[in-house]
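protein_26.txt follows (compact mmCIF, C-alpha atoms and all ligand atoms):
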# COMPACT_ATOMS: atom_id res chain seq x y z
CA MET A 1 0.00 0.00 0.00
CA ALA A 2 1.34 3.41 -0.91
CA SER A 3 1.44 5.93 1.88
CA ASP A 4 1.81 9.17 -0.07
CA GLY A 5 -0.55 11.82 1.23
CA GLY A 6 -3.55 9.48 1.09
CA ALA A 7 -4.75 11.05 4.30
CA ARG A 8 -6.30 13.76 2.15
CA ARG A 9 -6.64 12.17 -1.25
CA LEU A 10 -9.82 12.75 -3.12
CA LEU A 11 -11.27 10.92 -6.11
CA LEU A 12 -13.34 13.08 -8.46
CA LEU A 13 -15.71 11.18 -10.73
CA VAL A 14 -16.00 13.05 -14.01
CA PRO A 15 -18.46 12.18 -16.79
CA THR A 16 -17.59 13.04 -20.36
CA THR A 17 -19.71 16.11 -20.74
CA SER A 18 -19.18 17.88 -17.45
CA TYR A 19 -18.71 21.64 -17.34
CA ARG A 20 -17.59 21.40 -13.73
CA VAL A 21 -14.23 19.62 -13.85
CA ALA A 22 -11.95 22.66 -13.95
CA ASP A 23 -13.69 24.35 -11.02
CA PHE A 24 -13.49 21.21 -8.86
CA LEU A 25 -9.81 20.69 -9.74
CA ASP A 26 -9.04 24.32 -8.90
CA ALA A 27 -10.81 23.88 -5.58
CA ALA A 28 -8.79 20.75 -4.76
CA HIS A 29 -5.56 22.55 -5.57
CA SER A 30 -6.41 25.59 -3.52
CA LEU A 31 -7.25 23.33 -0.56
CA GLY A 32 -3.87 21.62 -1.03
CA VAL A 33 -5.58 18.27 -1.45
CA GLU A 34 -4.20 15.52 -3.61
CA VAL A 35 -6.74 14.71 -6.27
CA ALA A 36 -7.25 11.82 -8.64
CA VAL A 37 -9.69 11.93 -11.54
CA GLY A 38 -11.77 8.94 -12.54
CA SER A 39 -13.62 8.88 -15.84
CA ASN A 40 -15.03 6.49 -18.38
CA ARG A 41 -13.41 8.32 -21.27
CA ARG A 42 -9.76 8.37 -22.07
CA GLN A 43 -10.22 11.81 -23.69
CA VAL A 44 -11.26 13.31 -20.36
CA LEU A 45 -8.27 11.79 -18.63
CA GLU A 46 -5.82 12.84 -21.33
CA ALA A 47 -7.16 16.38 -21.26
CA LEU A 48 -6.25 16.47 -17.58
CA ALA A 49 -2.75 15.14 -18.25
CA ALA A 50 -1.35 16.46 -14.96
CA GLY A 51 -1.98 14.37 -11.87
CA ARG A 52 -3.38 10.92 -11.25
CA THR A 53 -6.13 9.46 -13.34
CA VAL A 54 -8.01 6.18 -13.41
CA THR A 55 -10.27 4.74 -16.10
CA LEU A 56 -13.61 3.57 -14.70
CA ASP A 57 -16.66 1.81 -16.07
CA PHE A 58 -19.59 4.20 -15.57
CA HIS A 59 -22.23 1.87 -17.00
CA ASP A 60 -21.53 -1.37 -15.16
CA LEU A 61 -21.91 -0.27 -11.53
CA GLU A 62 -20.39 -3.34 -9.96
CA LYS A 63 -17.39 -3.18 -12.22
CA GLY A 64 -16.96 0.55 -11.56
CA VAL A 65 -17.09 0.00 -7.80
CA GLY A 66 -14.52 -2.80 -8.12
CA GLN A 67 -12.19 -0.54 -10.07
CA ILE A 68 -12.46 2.22 -7.46
CA VAL A 69 -11.86 -0.21 -4.61
CA ALA A 70 -8.78 -1.60 -6.38
CA TYR A 71 -7.51 1.93 -6.95
CA ALA A 72 -8.11 2.86 -3.30
CA ASP A 73 -6.13 -0.18 -2.25
CA GLU A 74 -3.08 1.28 -3.88
CA TYR A 75 -3.86 4.96 -3.28
CA PRO A 76 -6.00 5.30 -0.15
CA LEU A 77 -8.89 7.73 -0.52
CA LYS A 78 -10.49 10.09 1.96
CA ALA A 79 -13.52 10.97 -0.15
CA ILE A 80 -15.18 10.30 -3.50
CA VAL A 81 -17.01 13.21 -5.09
CA ALA A 82 -19.32 12.97 -8.10
CA VAL A 83 -18.89 16.03 -10.28
CA ASP A 84 -22.24 15.44 -12.01
CA GLU A 85 -25.45 13.53 -11.50
CA GLU A 86 -24.56 10.75 -13.94
CA VAL A 87 -22.05 9.39 -11.42
CA THR A 88 -23.69 10.03 -8.03
CA VAL A 89 -24.80 6.41 -7.63
CA LEU A 90 -21.30 5.07 -8.36
CA ALA A 91 -19.81 7.54 -5.87
CA ALA A 92 -22.32 6.50 -3.20
CA LYS A 93 -21.79 2.76 -3.75
CA ALA A 94 -18.00 2.93 -3.80
CA SER A 95 -18.01 5.16 -0.71
CA GLU A 96 -20.23 2.65 1.06
CA VAL A 97 -17.81 -0.20 0.32
CA LEU A 98 -14.80 1.87 1.39
CA GLY A 99 -16.44 3.20 4.54
CA LEU A 100 -16.27 6.82 3.39
CA PRO A 101 -18.97 9.41 4.16
CA HIS A 102 -21.78 9.06 1.67
CA ASN A 103 -25.47 9.22 0.85
CA ALA A 104 -27.39 5.95 0.83
CA PRO A 105 -27.03 4.60 -2.75
CA ASP A 106 -30.78 4.00 -2.79
CA ALA A 107 -31.49 7.66 -1.95
CA VAL A 108 -29.16 8.90 -4.69
CA ALA A 109 -30.70 6.48 -7.19
CA ALA A 110 -34.18 7.80 -6.30
CA ALA A 111 -32.99 11.38 -6.82
CA ARG A 112 -31.65 10.38 -10.26
CA ASN A 113 -34.95 8.94 -11.43
CA LYS A 114 -37.81 11.44 -11.75
CA TYR A 115 -40.50 8.79 -11.32
CA ARG A 116 -39.01 7.34 -8.14
CA MET A 117 -38.48 10.88 -6.90
CA ARG A 118 -42.11 11.84 -7.54
CA THR A 119 -43.28 8.68 -5.76
CA ARG A 120 -41.25 9.49 -2.65
CA LEU A 121 -42.17 13.17 -2.66
CA ALA A 122 -45.87 12.34 -3.03
CA ASN A 123 -45.65 10.36 0.21
CA SER A 124 -43.82 13.11 2.09
CA GLY A 125 -46.70 15.45 2.85
CA LEU A 126 -45.28 18.07 0.46
CA ALA A 127 -47.51 19.66 -2.16
CA SER A 128 -47.23 17.38 -5.18
CA PRO A 129 -48.75 17.19 -8.68
CA GLU A 130 -50.54 14.18 -10.13
CA PHE A 131 -48.18 11.94 -12.06
CA ARG A 132 -48.19 8.81 -14.19
CA LEU A 133 -45.45 6.57 -15.56
CA LEU A 134 -45.69 5.76 -19.27
CA SER A 135 -43.72 3.34 -21.42
CA THR A 136 -42.24 4.46 -24.71
CA GLY A 137 -44.11 1.51 -26.25
CA ASP A 138 -47.52 2.77 -25.03
CA ASP A 139 -50.28 3.85 -27.39
CA ALA A 140 -49.79 7.63 -27.26
CA GLU A 141 -53.37 8.52 -28.32
CA ARG A 142 -54.83 6.33 -25.62
CA ALA A 143 -52.46 7.71 -22.96
CA ALA A 144 -53.37 11.24 -24.10
CA ARG A 145 -57.10 10.55 -23.68
CA MET A 146 -56.50 9.31 -20.15
CA SER A 147 -54.20 12.14 -19.10
CA PHE A 148 -54.79 15.20 -16.92
CA TYR A 149 -54.14 18.72 -18.31
CA PRO A 150 -52.11 20.86 -18.45
CA CYS A 151 -49.29 18.37 -17.95
CA VAL A 152 -45.54 18.10 -18.46
CA LEU A 153 -43.98 15.09 -20.16
CA LYS A 154 -40.36 14.34 -19.39
CA PRO A 155 -37.65 11.67 -19.60
CA LEU A 156 -36.74 10.03 -16.28
CA ALA A 157 -33.03 10.73 -16.20
CA LEU A 158 -31.93 13.44 -18.59
CA SER A 159 -30.94 16.96 -17.57
CA ALA A 160 -30.79 20.60 -18.69
CA SER A 161 -34.53 20.46 -19.49
CA ARG A 162 -33.79 18.12 -22.40
CA GLY A 163 -37.01 16.48 -23.50
CA VAL A 164 -39.20 18.33 -20.95
CA ILE A 165 -42.39 19.42 -22.77
CA ARG A 166 -45.68 20.93 -21.61
CA ALA A 167 -48.91 19.70 -23.16
CA ASP A 168 -52.25 21.49 -22.73
CA ASP A 169 -54.37 19.04 -24.72
CA PRO A 170 -54.29 15.50 -26.15
CA GLU A 171 -52.92 16.67 -29.50
CA ALA A 172 -49.93 18.35 -27.86
CA PHE A 173 -49.50 15.31 -25.60
CA VAL A 174 -49.19 12.94 -28.56
CA ALA A 175 -46.70 15.21 -30.34
CA ALA A 176 -44.63 15.59 -27.17
CA PHE A 177 -44.69 11.86 -26.50
CA HIS A 178 -43.31 11.00 -29.95
CA ARG A 179 -40.72 13.74 -29.73
CA ILE A 180 -39.42 12.42 -26.39
CA VAL A 181 -39.33 8.84 -27.71
CA LYS A 182 -37.02 10.11 -30.50
CA ILE A 183 -34.80 11.92 -28.00
CA LEU A 184 -34.54 8.78 -25.88
CA GLU A 185 -33.36 6.86 -28.94
CA GLN A 186 -30.32 9.13 -29.31
CA PRO A 187 -27.09 7.38 -28.31
CA ASP A 188 -26.27 9.88 -25.55
CA ALA A 189 -29.70 9.62 -23.90
CA GLY A 190 -29.51 6.69 -21.56
CA ALA A 191 -27.98 4.00 -23.76
CA GLY A 192 -31.25 2.11 -24.11
CA GLY A 193 -31.43 1.33 -20.37
CA ASP A 194 -34.70 0.91 -18.51
CA GLU A 195 -34.98 4.64 -17.83
CA ALA A 196 -34.82 5.35 -21.56
CA ARG A 197 -37.92 3.20 -22.06
CA HIS A 198 -40.16 5.35 -19.88
CA ILE A 199 -41.67 8.82 -19.84
CA LEU A 200 -43.13 10.61 -16.83
CA ALA A 201 -46.30 12.69 -17.15
CA GLU A 202 -47.00 15.08 -14.29
CA GLY A 203 -49.37 17.92 -13.61
CA TYR A 204 -48.11 21.34 -14.72
CA ILE A 205 -47.26 23.41 -11.64
CA PRO A 206 -47.89 27.12 -12.27
CA GLY A 207 -45.98 29.85 -10.46
CA ALA A 208 -42.60 31.53 -10.29
CA GLU A 209 -39.62 29.20 -10.13
CA VAL A 210 -36.70 29.30 -7.69
CA ALA A 211 -33.63 27.13 -7.13
CA LEU A 212 -32.13 26.44 -3.73
CA GLU A 213 -28.51 25.45 -3.40
CA GLY A 214 -27.84 23.69 -0.11
CA LEU A 215 -25.47 21.46 1.81
CA LEU A 216 -26.58 18.44 3.85
CA GLN A 217 -24.55 17.41 6.87
CA GLY A 218 -25.86 14.45 8.83
CA GLY A 219 -29.27 15.02 7.26
CA ARG A 220 -29.43 18.71 8.26
CA LEU A 221 -29.75 21.22 5.46
CA THR A 222 -27.88 24.52 5.37
CA PRO A 223 -29.18 26.81 2.61
CA LEU A 224 -26.24 28.28 0.67
CA ALA A 225 -28.03 30.40 -1.94
CA LEU A 226 -31.62 30.89 -3.05
CA PHE A 227 -32.03 31.96 -6.68
CA ASP A 228 -34.99 33.66 -8.33
CA LYS A 229 -35.56 32.90 -12.01
CA PRO A 230 -37.06 36.18 -13.26
CA ASP A 231 -37.91 35.03 -16.82
CA PRO A 232 -41.26 33.25 -17.03
CA MET A 233 -40.93 29.51 -17.71
CA GLU A 234 -44.34 28.47 -18.96
CA GLY A 235 -43.41 26.06 -21.70
CA PRO A 236 -43.90 24.29 -23.98
CA PHE A 237 -40.10 24.05 -23.48
CA PHE A 238 -38.28 25.23 -20.38
CA GLU A 239 -35.10 27.05 -21.24
CA GLU A 240 -33.13 28.27 -18.22
CA THR A 241 -31.89 31.84 -18.53
CA ILE A 242 -31.30 34.11 -15.54
CA TYR A 243 -30.60 33.09 -11.94
CA LEU A 244 -30.43 35.87 -9.32
CA THR A 245 -29.50 35.79 -5.67
CA PRO A 246 -30.45 36.88 -3.04
CA SER A 247 -34.08 36.08 -3.69
CA ARG A 248 -36.60 38.90 -3.59
CA LEU A 249 -39.30 36.64 -2.15
CA PRO A 250 -40.67 37.48 1.30
CA GLU A 251 -38.64 36.07 4.20
CA VAL A 252 -41.49 33.78 5.23
CA VAL A 253 -41.67 32.19 1.76
CA GLN A 254 -37.88 31.78 1.72
CA ARG A 255 -38.07 29.93 5.03
CA SER A 256 -40.76 27.62 3.69
CA ILE A 257 -38.57 26.88 0.63
CA THR A 258 -35.73 25.79 2.93
CA ALA A 259 -38.15 23.72 4.99
CA ALA A 260 -39.60 22.06 1.86
CA THR A 261 -36.10 21.25 0.59
CA GLN A 262 -35.19 19.74 3.95
CA ARG A 263 -38.35 17.66 3.84
CA ALA A 264 -37.79 16.57 0.24
CA ALA A 265 -34.22 15.49 1.09
CA ALA A 266 -35.53 13.46 4.02
CA ALA A 267 -38.26 11.89 1.85
CA LEU A 268 -35.60 10.67 -0.56
CA GLY A 269 -33.19 9.70 2.22
CA LEU A 270 -30.46 12.16 1.21
CA GLU A 271 -28.23 13.09 4.16
CA ASP A 272 -24.84 14.19 2.95
CA GLY A 273 -23.33 16.69 0.54
CA PRO A 274 -24.71 19.22 -1.93
CA VAL A 275 -28.33 19.42 -3.05
CA HIS A 276 -29.92 21.51 -5.77
CA ALA A 277 -33.69 21.88 -5.46
CA GLU A 278 -36.07 23.50 -7.95
CA MET A 279 -39.48 24.68 -6.82
CA ARG A 280 -42.44 26.67 -8.00
CA ILE A 281 -44.28 28.96 -5.64
CA VAL A 282 -48.06 28.62 -5.78
CA ASP A 283 -49.89 31.11 -3.51
CA GLY A 284 -46.84 31.29 -1.28
CA VAL A 285 -46.51 27.49 -1.03
CA PRO A 286 -43.44 25.76 -2.52
CA TRP A 287 -44.10 22.83 -4.85
CA VAL A 288 -40.99 20.76 -5.51
CA VAL A 289 -40.18 20.34 -9.21
CA GLU A 290 -37.15 18.27 -8.32
CA ILE A 291 -34.29 17.83 -5.88
CA ALA A 292 -30.91 16.59 -7.09
CA ALA A 293 -27.99 15.22 -5.07
CA ARG A 294 -25.49 17.54 -6.72
CA SER A 295 -24.55 21.18 -6.85
CA ILE A 296 -25.79 23.74 -9.39
CA GLY A 297 -25.12 22.84 -13.04
CA GLY A 298 -23.22 24.43 -15.91
CA LEU A 299 -20.75 27.09 -14.83
CA CYS A 300 -23.35 28.87 -12.66
CA SER A 301 -21.48 28.28 -9.40
CA ARG A 302 -18.84 30.80 -10.50
CA ILE A 303 -20.93 33.67 -9.15
CA LEU A 304 -21.01 32.24 -5.63
CA ARG A 305 -18.48 33.12 -2.93
CA PHE A 306 -18.72 32.30 0.76
CA GLY A 307 -17.04 33.83 3.79
CA ALA A 308 -13.68 35.30 2.84
CA GLY A 309 -14.03 34.28 -0.84
CA VAL A 310 -14.39 30.50 -0.71
CA THR A 311 -15.90 28.92 -3.85
CA LEU A 312 -18.82 26.49 -3.81
CA GLU A 313 -16.50 23.70 -4.96
CA GLU A 314 -14.05 24.42 -2.11
CA LEU A 315 -16.93 24.29 0.31
CA ILE A 316 -18.20 20.97 -1.10
CA LEU A 317 -14.74 19.38 -1.10
CA SER A 318 -13.96 20.62 2.43
CA HIS A 319 -17.18 19.05 3.62
CA ALA A 320 -16.48 15.77 1.78
CA LEU A 321 -12.99 15.53 3.27
CA GLY A 322 -14.12 16.39 6.78
CA LEU A 323 -12.02 19.57 6.74
CA PRO A 324 -13.35 22.62 8.59
CA VAL A 325 -15.82 24.63 6.46
CA PRO A 326 -15.01 28.21 7.49
CA SER A 327 -18.26 29.89 6.45
CA LYS A 328 -21.42 28.95 4.61
CA GLU A 329 -22.53 32.57 4.48
CA ARG A 330 -22.68 33.94 0.94
CA GLU A 331 -20.98 37.30 0.33
CA GLY A 332 -23.14 40.41 0.73
CA ARG A 333 -23.33 41.51 -2.90
CA ALA A 334 -26.09 40.36 -5.22
CA ALA A 335 -25.08 37.97 -7.96
CA GLY A 336 -26.60 36.80 -11.20
CA VAL A 337 -25.84 34.42 -14.02
CA MET A 338 -27.45 34.06 -17.43
CA MET A 339 -27.36 30.79 -19.29
CA ILE A 340 -27.30 32.27 -22.78
CA PRO A 341 -30.34 31.05 -24.72
CA VAL A 342 -29.77 29.21 -28.01
CA PRO A 343 -31.36 31.60 -30.56
CA ARG A 344 -31.99 28.90 -33.19
CA ALA A 345 -30.60 25.73 -34.71
CA GLY A 346 -27.54 25.99 -36.92
CA LYS A 347 -23.79 26.23 -36.99
CA LEU A 348 -22.21 28.87 -34.75
CA ARG A 349 -20.08 30.93 -37.11
CA GLN A 350 -19.05 33.77 -34.86
CA VAL A 351 -19.91 35.64 -31.69
CA SER A 352 -19.28 39.37 -31.74
CA GLY A 353 -19.82 42.07 -29.14
CA LEU A 354 -17.93 40.18 -26.44
CA ALA A 355 -15.81 43.21 -25.52
CA GLN A 356 -18.91 45.42 -25.27
CA ALA A 357 -20.72 42.80 -23.18
CA ARG A 358 -17.76 42.47 -20.81
CA ALA A 359 -17.56 46.24 -20.49
CA VAL A 360 -21.10 46.54 -19.09
CA ALA A 361 -20.97 47.73 -15.46
CA GLY A 362 -21.40 44.81 -13.10
CA ILE A 363 -20.38 42.13 -15.60
CA GLU A 364 -17.65 39.86 -14.25
CA GLU A 365 -17.24 37.56 -17.22
CA VAL A 366 -18.82 36.32 -20.44
CA THR A 367 -17.98 32.78 -21.54
CA ILE A 368 -19.03 31.13 -24.79
CA SER A 369 -19.00 27.38 -24.32
CA ILE A 370 -19.77 26.21 -27.87
CA ALA A 371 -16.71 26.32 -30.14
CA THR A 372 -16.85 28.26 -33.41
CA GLY A 373 -18.20 25.88 -36.03
CA GLY A 374 -20.07 23.92 -33.36
CA GLU A 375 -23.69 22.93 -33.73
CA LEU A 376 -26.45 24.79 -31.88
CA VAL A 377 -29.41 22.63 -30.93
CA PRO A 378 -32.38 24.37 -29.27
CA LEU A 379 -34.65 22.68 -26.72
CA PRO A 380 -36.17 20.23 -26.34
CA GLU A 381 -33.51 18.16 -28.16
CA GLY A 382 -30.47 20.25 -27.18
CA TYR A 383 -28.78 20.27 -23.82
CA LYS A 384 -25.54 22.17 -24.30
CA TYR A 385 -25.33 25.71 -23.02
CA LEU A 386 -24.29 28.34 -25.54
CA GLY A 387 -22.49 30.22 -22.80
CA PHE A 388 -22.73 32.07 -19.52
CA ILE A 389 -22.77 35.70 -18.41
CA PHE A 390 -21.84 36.47 -14.79
CA ALA A 391 -22.74 39.64 -12.88
CA LYS A 392 -22.27 41.11 -9.42
CA ALA A 393 -24.03 44.23 -8.19
CA GLU A 394 -25.42 45.94 -5.11
CA THR A 395 -28.93 44.64 -5.76
CA PRO A 396 -30.46 41.70 -7.67
CA GLU A 397 -32.27 44.23 -9.88
CA ALA A 398 -28.96 45.80 -10.91
CA ALA A 399 -27.41 42.38 -11.53
CA GLU A 400 -30.38 41.42 -13.71
CA GLN A 401 -30.13 44.64 -15.69
CA ALA A 402 -26.40 44.09 -16.26
CA LEU A 403 -27.04 40.57 -17.54
CA ARG A 404 -29.72 41.76 -19.95
CA ARG A 405 -27.54 44.62 -21.22
CA ALA A 406 -24.55 42.35 -21.75
CA HIS A 407 -26.71 39.80 -23.53
CA GLY A 408 -28.09 42.57 -25.73
CA ALA A 409 -24.54 43.47 -26.78
CA LEU A 410 -23.81 39.97 -28.08
CA VAL A 411 -24.42 39.13 -31.73
CA PHE A 412 -24.58 35.50 -32.78
CA ASP A 413 -23.81 34.71 -36.39
CA ILE A 414 -25.48 31.38 -37.05
CA GLY A 415 -25.29 29.66 -40.41
CA PRO A 416 -26.86 26.55 -41.86
CA LEU A 417 -25.47 23.19 -40.77
N1 LIG B 1 -44.54 19.60 -13.31
C1 LIG B 1 -44.02 20.73 -13.77
N2 LIG B 1 -44.72 21.88 -13.75
C2 LIG B 1 -44.21 23.03 -14.23
N3 LIG B 1 -42.98 23.12 -14.77
C3 LIG B 1 -42.22 22.02 -14.82
C4 LIG B 1 -42.69 20.76 -14.31
N4 LIG B 1 -41.71 19.86 -14.50
C5 LIG B 1 -40.69 20.51 -15.09
N5 LIG B 1 -40.98 21.81 -15.28
C6 LIG B 1 -40.10 22.85 -15.88
O1 LIG B 1 -39.11 22.23 -16.65
C7 LIG B 1 -37.81 22.47 -16.10
C8 LIG B 1 -36.95 21.23 -16.26
O2 LIG B 1 -37.59 20.13 -15.64
P1 LIG B 1 -36.79 19.13 -14.72
O3 LIG B 1 -36.10 19.89 -13.66
O4 LIG B 1 -37.69 18.07 -14.28
O5 LIG B 1 -35.75 18.52 -15.76
P2 LIG B 1 -34.15 18.51 -15.79
O6 LIG B 1 -33.82 18.19 -17.18
O7 LIG B 1 -33.66 17.68 -14.69
O8 LIG B 1 -33.71 19.98 -15.52
P3 LIG B 1 -32.29 20.49 -15.02
O9 LIG B 1 -31.23 19.51 -15.38
O10 LIG B 1 -32.19 21.78 -15.77
O11 LIG B 1 -32.43 20.69 -13.57
C9 LIG B 1 -38.07 22.86 -14.65
O12 LIG B 1 -37.04 23.66 -14.14
C10 LIG B 1 -39.40 23.61 -14.78
O13 LIG B 1 -39.21 24.92 -15.21
MG MG B 2 -34.29 20.33 -13.13
Using the file provided, produce a representation of the structure as structure tokens.
Ligand SMILES: Nc1ncnc2c1ncn2[C@@H]1O[C@H](COP(=O)(O)OP(=O)(O)OP(=O)(O)O)[C@@H](O)[C@H]1O
Ligand SMILES: [Mg+2]
Amino acid sequence: MASDGGARRLLLLVPTTSYRVADFLDAAHSLGVEVAVGSNRRQVLEALAAGRTVTLDFHDLEKGVGQIVAYADEYPLKAIVAVDEEVTVLAAKASEVLGLPHNAPDAVAAARNKYRMRTRLANSGLASPEFRLLSTGDDAERAARMSFYPCVLKPLALSASRGVIRADDPEAFVAAFHRIVKILEQPDAGAGGDEARHILAEGYIPGAEVALEGLLQGGRLTPLALFDKPDPMEGPFFEETIYLTPSRLPEVVQRSITAATQRAAAALGLEDGPVHAEMRIVDGVPWVVEIAARSIGGLCSRILRFGAGVTLEELILSHALGLPVPSKEREGRAAGVMMIPVPRAGKLRQVSGLAQARAVAGIEEVTISIATGGELVPLPEGYKYLGFIFAKAETPEAAEQALRRAHGALVFDIGPL
């Protein structure tokens, strides 16, 4: 057994498409922690040439766990952290075998599957919509006749609103159903597993949407940031745009959002690590859209700082390693991020106006995450963010205005494919 620094060694599980790798690696380095990266793709590992890497099977759970255990035998681990939702179950199972702090694998698996999540939430006493599990082989017309309206159809285990479609009548239901079946047939949409053979229909929840970022420690939730989503998200597709914190909702509603998130976590059995909950507020009452056992997606976490400037990733890694977490108090300034909407399908030829956008007061950074020449795919089929705009300001209103101004300065030249 090697004895080099294993006291603080961390294994990061990194799926192919994660936006979050660099930020987690930076966090590990700034904490002075030795980090190893495990992935199923050699390209990911080669891109991270520096440091230790290990190739893991992300599809065969048992095999993946065996590989991690063998690795830990040689290089003892203090924690295993899943960088994205795709790998939370593997992280939980391997942690269980190695006796590391973890969520129950069953709880994480329920959080990964929107039908199992709905079932547990419906039994939790929280406000919950009607829902029904459909098979991709079902007769869509018949299912549409039997459905409730308005409803939302969605895949069980995709993300970034991919394949999430509102239907107000049977005709829209049938169209949405067939469209989701097609999405689920794509090679990167579940690899034909059981989840890719089902579709969830649930009642449409009206109301403004918020997202709560939190950290669970021994089952107790600490809210880290509550985000308002000021753009209406009424469908038929649900593109994420602006997130703003602090929330402008009344204090009493904010407290009930934290309480609902705590209750949702308990209903699933989640006890440890980051959670990201999405809710809609109906007459002051939070309705859970979903709760995920991960931190906020994309590059959105870059606008968060805690205490004396600690990043969200540093906070998550400190917690995972049992190191002291100095402060979970977000900085005083308001912060906002815009996930830049995909204007239309095509080939991204050029983005101009970046300098003007960056020069807008309050803008911290503008990042385009699709390479020139890359394909732009709008929702509901697409799932890659075009880019991100980050703002800080005295008030959420000012941060929102800065984001909209910067976005207005950007010009996207999109050609045919
Ligand atoms: N029952 C519902 N009622 C109203 N809106 C809904 C409902 N379900 C989903 N939505 C909308 O669709 C969005 C995406 O749905 P959901 O969170 O289930 O999918 P997702 O792909 O996991 O999203 P993400 O990865 O962005 O968190 C939600 O944020 C919400 O705006
Ligand atoms: Mg979601």
Where is the centre and how long are the edges: axis-aligned box on ligand LIG 1 (chain B), 4 Å on each side, Å to one decimal, as AutoDock Vina command-line options:
--center_x -38.0 --center_y 21.3 --center_z -15.2 --size_x 21.5 --size_y 15.2 --size_z 11.9
* Starting from the point (-12.1, 19.2, 4.8), work out which residues of protein, DNA or RNA have an atom no more than 12 Å away when counting only C-alpha atoms; state them as a ChimeraX atom specification. => /A:7-10,27-28,30-33,78-79,101,313-326
* **Separation of CA of Val87 in chain A from CA of Leu200 in chain A in Å** => 21.8 Å
Mind listing the residues within 10 Å of ligand MG 2 (chain B), only C-alpha atoms and all ligand atoms counted, as an mmCIF file with C-alpha atoms, keeping the file's coordinate frame?
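Everything below was put into result_23.cif:
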data_model
loop_
_atom_site.group_PDB
_atom_site.id
_atom_site.type_symbol
_atom_site.label_atom_id
_atom_site.label_comp_id
_atom_site.auth_asym_id
_atom_site.auth_seq_id
_atom_site.Cartn_x
_atom_site.Cartn_y
_atom_site.Cartn_z
ATOM 1 C CA LYS A 114 -37.810 11.440 -11.750
ATOM 2 C CA LEU A 158 -31.930 13.440 -18.590
ATOM 3 C CA SER A 159 -30.940 16.960 -17.570
ATOM 4 C CA ALA A 160 -30.790 20.600 -18.690
ATOM 5 C CA SER A 161 -34.530 20.460 -19.490
ATOM 6 C CA ARG A 162 -33.790 18.120 -22.400
ATOM 7 C CA VAL A 164 -39.200 18.330 -20.950
ATOM 8 C CA ALA A 211 -33.630 27.130 -7.130
ATOM 9 C CA PHE A 238 -38.280 25.230 -20.380
ATOM 10 C CA GLU A 240 -33.130 28.270 -18.220
ATOM 11 C CA HIS A 276 -29.920 21.510 -5.770
ATOM 12 C CA ALA A 277 -33.690 21.880 -5.460
ATOM 13 C CA GLU A 278 -36.070 23.500 -7.950
ATOM 14 C CA MET A 279 -39.480 24.680 -6.820
ATOM 15 C CA VAL A 289 -40.180 20.340 -9.210
ATOM 16 C CA GLU A 290 -37.150 18.270 -8.320
ATOM 17 C CA ILE A 291 -34.290 17.830 -5.880
ATOM 18 C CA ALA A 292 -30.910 16.590 -7.090
ATOM 19 C CA ILE A 296 -25.790 23.740 -9.390
ATOM 20 C CA GLY A 297 -25.120 22.840 -13.040
#
* Rank A:Leu13, A:Pro246, A:Arg142, A:Arg41 by their smallest atom-to-atom distance to Ala94 in chain A, using only C-alpha atoms, and report the top residue only. => A:Leu13
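Distance check against Lys182 in chain A using all atoms listed in the file: of A:Pro286, A:Pro380, A:Pro76, A:Gly332, the minimum falls on A:Pro380.
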* Hey, can you check how far CA of Asp272 in chain A sits from CA of Leu215 in chain A? ->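 CA of Leu215 in chain A lies 7.4 Å from CA of Asp272 in chain A.
If all atoms listed in the file are the atoms counted, then among A:Lys347, A:Arg120, A:Lys392, A:Arg294 the closest residue to ligand LIG 1 (chain B) is A:Arg294.
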* Distance query range 334-344 of chain A at most 8 Å, only C-alpha atoms, self and fewer than 5 positions along chain excluded, as a PyMOL selection string -> chain A and resi 239-246+300+303-304+376-378+385-396+399-400+403+407+414
* Asked: If we count all atoms listed in the file, what is near Ala140 in chain A at a cut-off of 10 Å, once residues fewer than 6 positions away on the same chain are taken out, given as a list in words?
  ->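 Within the cut-off, the hits are Leu134, Met146, Pro170, Glu171, Phe173, Val174, Ala175, Ala176, Phe177 and His178 of chain A.
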* Record the distance separating CA of Leu348 in chain A and CA of Lys384 in chain A, expressed in Å with one decimal. => 12.9 Å
* Out of A:Ala109, A:Leu90, A:Met117, A:Leu417, which residue has the shortest atom-to-atom distance to ligand LIG 1 (chain B) when counting all atoms listed in the file? ->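 Comparing A:Ala109, A:Leu90, A:Met117, A:Leu417 against ligand LIG 1 (chain B), the winner is A:Met117.
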* Asked: Which residue out of A:Ala167, A:Leu249, A:Ile368, A:Leu312 has the minimum interatomic distance to ligand LIG 1 (chain B) when only C-alpha atoms and all ligand atoms are used?
  -> A:Ala167
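Take the candidates A:Arg52, A:His59, A:Arg263, A:Arg280 and check each one against ligand LIG 1 (chain B) using all atoms listed in the file; the shortest distance goes to A:Arg280.
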* To do: Considering only C-alpha atoms, return as a VMD selection string whatever protein or nucleic-acid residues lie within 8 Å of Leu100 in chain A, sequence-local ones (same chain, fewer than 2 positions apart) excluded.
  => chain A and resid 78 to 80 95 to 98 102
* May I have the residues within 6 Å of Leu184 in chain A as an MDAnalysis selection string, using all atoms listed in the file and disregarding those fewer than 3 positions away in the same chain? => chainID A and resid 181 189 196
* Can you tell me, as a count of residues only, what residues are no more than 10 Å from Arg358 in chain A when counting only C-alpha atoms, ignoring any on the same chain fewer than 5 positions away? -> 14
* Within 12 Å of (-13.7, -1.8, -10.2), all atoms listed in the file: residues as a ChimeraX atom specification? -> /A:38,40,54-73,90-91,93-94,97
